[in-house]
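First the structure, in the form of structure tokens, and then the observations on it.
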Amino acid sequence: MADSMAPQMAQAAPGDVPGTTKRDFLMLTTAAFAAVGVGGIVWPFVSSMAPARDVLALASTEVDISPIAAGQSVTVMWRGKPVFVRNRTEEEVREARSVPMSELKDPATDESRVKRDNWLVVVGVCTHLGCVPLGQKPTDAKGDYNGWFCPCHGSHYDTSARIRRGPAPSNLLVPDYAFTSDTMIRIG
Amino acid sequence: MAIGLHDSEVKNPVLRWVDQRLPVITMLQKEYGTFPTPRNFNYFWNFGALAVITLVIMILTGVFLSMNYTAHTTLAFESVERIMRDVNYGWLMRYVHMNGASMFFIVVFIHIYRGMYYGSYKAPRELLWMLGVVIFLLMMATAFLGYVLPWGQMSFWGATVITNLFSAFPLIGPEIVTWLWGGFSVDNPTLNRFFSLHYLLPFVITGVVFLHVAALHVTGSNNPLGIEPKGPQDTLPFHPYYTIKDSVGMVAYFALFALLVFFMPNYLGHPDNYIPANPLVTPAHIVPEWYFLPFYAILRAVPDKLGGVLLMFGSILIWFALPWLDTSKVRSMRFRPIARIFFFLWVISFFVLMYVGGKPAEQPYVIIAQVATAYYFLWFLVILPLLGKYERTLPLPESIAAAVLGPRASTGGGPLPGAATAKPMEKA
């Protein structure tokens, strides 16, 4: 009796792929459940290494820009990184806007990189390998384009913080920011 | 011994290449695939595997917790609260780790009772048993060190009380305590070294577990009948029979574990440990974690300071001598009608000690603790050695197969593995 049942159990139902058995189905279902289970266990561990809620809560910075005179710049911390806030002179703005796009490695108009003509806000991290470029202090080397110069591998940035020469692939990043009033900006 | 490539039976060419050079697959197949295992295990034989799983869970959650923990007296408590509130799934990691310690002790206590009841410590498994006692001692140290890390009131005062145990030793006692503290009280140097050792010891435990398992695979497992397998009809290959049986136990175990973690995560803890450590105020009712209570009760049962400390350490160290204190030739208490009764009384004395250990040190708890402590040691030092001489044990079955299968054993019935069905009773 038991022997005559066995071949029938292994037979595929009509429409099934020949040669597949109930055992195959059980194996696949078990493996699928196991994969979901393992994923469910792994996820909390992976997620716990992502920024925690207190880190995310500190993700924006307010800056009072009223003390910054034309031609001066300040460096503020935002998410553990320096942000350059420069009050550009009219000459610097003119310099930045007169450059033809064809000369730029990472073409972007100066207008697209600022919210108010004289105020330039960029993340002060060189897009090559993450050093902080010089150019914030009056005594710093500003590079060949009167902006910033990265001492690590010699990248030159212009007065719109666009890459002009050197190994960096792109312009200094403009972070999300907004003028909350005429004298305050919020970064992030 | 032949030099050259291992003669691998693995079919897959890549795996075979590895196995010829480092025969891990052959080893796994031998030790966990075809490994001949007594066919009559009951669910008490799940607990070794459960303990290994718990050790893995503890190390995993511990490593991830340490990524967000700060071992400094001014920051430790808040770093733990940050894990609970801000770190993604930090609450889960901590509750699993916290309750995992309790689950680990539940599993290991049952594993130890199992060994005691079925005589798993007897020849030739004495060293296997002693390595187990070493693991238990390391576990106790690790659990204590870990409990100090959140730097709550119970952490601080637990650390103070336990380290002060060593002051009981004459002459050098106070110097030992100062050395343990790295100062003149439990303070930042103490917390730093406790964190370092709490991270180190689990890996020492892993090493001793490896030796424990290696020794097990030399002698093979004991079984509920306590008689050695005599041939293939008495054993089953470890896989799939016991991988499946262990998996069933594992599912039940995880259900209980999850119940604790998700519905009553602080049930086994003390609310006082959510108050930051204060070296100027001791909590009114200070007790260790539940798994230390039996030993803590023995400590308090003795009116003398040094005597209490020695008896407390002795209550575990005496386990090392168990293989020689029990002189009976019969392993399993199934066949020891008198010893079985006295052993159950011993287990009860253990739980009584656990109960009074959590009560204030006043009457009637002190006298109850003293009676239970007396019985605890009486069992090891007097009752067991005497029973070995005078107990009339029940007749042992002829073989595992004969006991489990009854008359079917000789007719080749039952789910015997291929080799056994082909040649039934060959070596019986």
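For the structure tokens, the naming scheme is as follows: chains receive sequential letters (A, B, ...) according to their order of presentation, residues are indexed from 1 within each chain, and ligands are indexed from 1 in presentation order.
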
Within 10 Å of chain A: residues of chain B, using only C-alpha atoms, as a ChimeraX atom specification: /B:60-61,64-65,67-68,82-83,85-93

Written selection (C-alpha atoms) as a PDB file, in the first residue's frame:
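Heads up, here's the output in result_36.pdb:
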ATOM      1  CA  LEU B  60      26.995  39.953  18.346  1.00  0.00           C
ATOM      2  CA  THR B  61      24.761  42.315  20.328  1.00  0.00           C
ATOM      3  CA  PHE B  64      27.316  46.441  18.369  1.00  0.00           C
ATOM      4  CA  LEU B  65      26.458  47.904  21.787  1.00  0.00           C
ATOM      5  CA  MET B  67      30.085  50.844  19.248  1.00  0.00           C
ATOM      6  CA  ASN B  68      27.867  53.290  21.142  1.00  0.00           C
ATOM      7  CA  ARG B  82      21.391  57.251  24.252  1.00  0.00           C
ATOM      8  CA  ILE B  83      21.534  53.651  23.001  1.00  0.00           C
ATOM      9  CA  ARG B  85      16.553  56.413  22.835  1.00  0.00           C
ATOM     10  CA  ASP B  86      18.615  57.602  19.879  1.00  0.00           C
ATOM     11  CA  VAL B  87      20.543  54.740  18.290  1.00  0.00           C
ATOM     12  CA  ASN B  88      18.543  52.877  15.649  1.00  0.00           C
ATOM     13  CA  TYR B  89      17.356  49.605  17.233  1.00  0.00           C
ATOM     14  CA  GLY B  90      19.637  50.359  20.181  1.00  0.00           C
ATOM     15  CA  TRP B  91      16.789  49.408  22.528  1.00  0.00           C
ATOM     16  CA  LEU B  92      16.580  46.041  20.796  1.00  0.00           C
ATOM     17  CA  MET B  93      20.317  45.405  21.042  1.00  0.00           C
TER      18      MET B  93
END

Residue neighbourhood Phe238 in chain B, 6 Å, only C-alpha atoms, exclusion window fewer than 5 positions, as a PyMOL selection string: chain B and resi 32-35+37

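Shortest separation to Val302 in chain B among B:Gly100, B:Val208, B:Thr373, B:Gly119 occurs at residue B:Thr373, atoms counted being only C-alpha atoms.
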
Those of range 52-210 of chain B in DSSP helix (DSSP H, G or I), formatted as a ChimeraX atom specification: /B:52-66,76-85,90-117,126-148,153-168,173-181,188-210

Residues within 7 Å of range 74-90 of chain A, only C-alpha atoms, excluding chain neighbours under 3 positions, as number ranges by chain: A: 59-61, 68-71, 93-94, 118-124, 136

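Using only C-alpha atoms, the residues found no farther than 10 Å from Leu396 in chain B, other than those of its own chain fewer than 3 positions away, are Leu225, Gly226, Ile227, Val330, Ser332, Arg334, Phe335, Thr393, Ser399, Ile400 and Ala403 of chain B.
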
Expected file: the selected residues, N, CA, C and O atoms, as an mmCIF file, in the first residue's frame:
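So the final result, stored in out_19.cif, reads:
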data_model
loop_
_atom_site.group_PDB
_atom_site.id
_atom_site.type_symbol
_atom_site.label_atom_id
_atom_site.label_comp_id
_atom_site.auth_asym_id
_atom_site.auth_seq_id
_atom_site.Cartn_x
_atom_site.Cartn_y
_atom_site.Cartn_z
ATOM 1 N N LEU B 225 19.915 7.064 29.217
ATOM 2 C CA LEU B 225 20.076 5.774 29.886
ATOM 3 C C LEU B 225 21.432 5.676 30.581
ATOM 4 O O LEU B 225 21.634 4.812 31.435
ATOM 5 N N GLY B 226 22.377 6.541 30.173
ATOM 6 C CA GLY B 226 23.696 6.531 30.806
ATOM 7 C C GLY B 226 24.535 5.306 30.458
ATOM 8 O O GLY B 226 25.519 5.027 31.113
ATOM 9 N N ILE B 227 24.120 4.548 29.436
ATOM 10 C CA ILE B 227 24.965 3.415 28.992
ATOM 11 C C ILE B 227 25.565 3.767 27.641
ATOM 12 O O ILE B 227 24.950 4.475 26.848
ATOM 13 N N VAL B 330 26.793 3.492 38.131
ATOM 14 C CA VAL B 330 25.636 3.766 37.280
ATOM 15 C C VAL B 330 25.534 5.271 37.040
ATOM 16 O O VAL B 330 25.561 6.058 37.977
ATOM 17 N N SER B 332 23.043 7.171 34.929
ATOM 18 C CA SER B 332 21.740 7.839 34.892
ATOM 19 C C SER B 332 20.952 7.600 36.174
ATOM 20 O O SER B 332 20.883 6.480 36.677
ATOM 21 N N ARG B 334 17.948 7.503 36.388
ATOM 22 C CA ARG B 334 16.782 6.661 36.117
ATOM 23 C C ARG B 334 16.905 5.320 36.823
ATOM 24 O O ARG B 334 15.911 4.688 37.120
ATOM 25 N N PHE B 335 18.167 4.916 37.021
ATOM 26 C CA PHE B 335 18.396 3.599 37.619
ATOM 27 C C PHE B 335 18.929 3.724 39.042
ATOM 28 O O PHE B 335 19.492 2.791 39.572
ATOM 29 N N THR B 393 21.099 -0.190 42.840
ATOM 30 C CA THR B 393 20.612 0.418 41.601
ATOM 31 C C THR B 393 19.732 -0.564 40.848
ATOM 32 O O THR B 393 19.807 -1.772 41.076
ATOM 33 N N SER B 399 21.052 -2.729 25.956
ATOM 34 C CA SER B 399 21.626 -1.746 25.045
ATOM 35 C C SER B 399 20.616 -0.624 24.864
ATOM 36 O O SER B 399 19.461 -0.756 25.262
ATOM 37 N N ILE B 400 21.070 0.486 24.247
ATOM 38 C CA ILE B 400 20.158 1.601 23.991
ATOM 39 C C ILE B 400 19.031 1.139 23.075
ATOM 40 O O ILE B 400 17.857 1.386 23.341
ATOM 41 N N ALA B 403 16.465 -0.956 24.823
ATOM 42 C CA ALA B 403 15.615 -0.192 25.728
ATOM 43 C C ALA B 403 14.618 0.674 24.959
ATOM 44 O O ALA B 403 13.477 0.831 25.363
#

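The spacing separating CA of Tyr118 in chain B from CA of Trp346 in chain B amounts to 14.6 Å.
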
Please list as a PDB file with C-alpha atoms, in the first residue's frame every residue within 10 Å of Asn192 in chain B, counting only C-alpha atoms and excluding residues in the same chain fewer than 6 positions away.
ATOM      1  CA  THR B  70      31.389  55.062  26.563  1.00  0.00           C
ATOM      2  CA  ALA B  71      33.363  53.564  29.452  1.00  0.00           C
ATOM      3  CA  HIS B  72      33.676  56.669  31.596  1.00  0.00           C
ATOM      4  CA  THR B  73      31.951  57.402  34.899  1.00  0.00           C
ATOM      5  CA  LEU B 149      28.911  48.940  32.765  1.00  0.00           C
ATOM      6  CA  GLY B 182      42.836  50.801  40.713  1.00  0.00           C
ATOM      7  CA  HIS B 198      33.918  42.271  29.770  1.00  0.00           C
TER       8      HIS B 198
END

Test item: residues at most 8 Å from Ala96 in chain A, only C-alpha atoms, excluding those fewer than 2 positions along its chain, as a PyMOL selection string: chain A and resi 92-94+98-99+110+158-160

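In terms of minimum interatomic distance to Val366 in chain B, B:Pro303 ranks closest within B:Pro303, B:Pro271, B:Gly220, B:Pro174, counting only C-alpha atoms.
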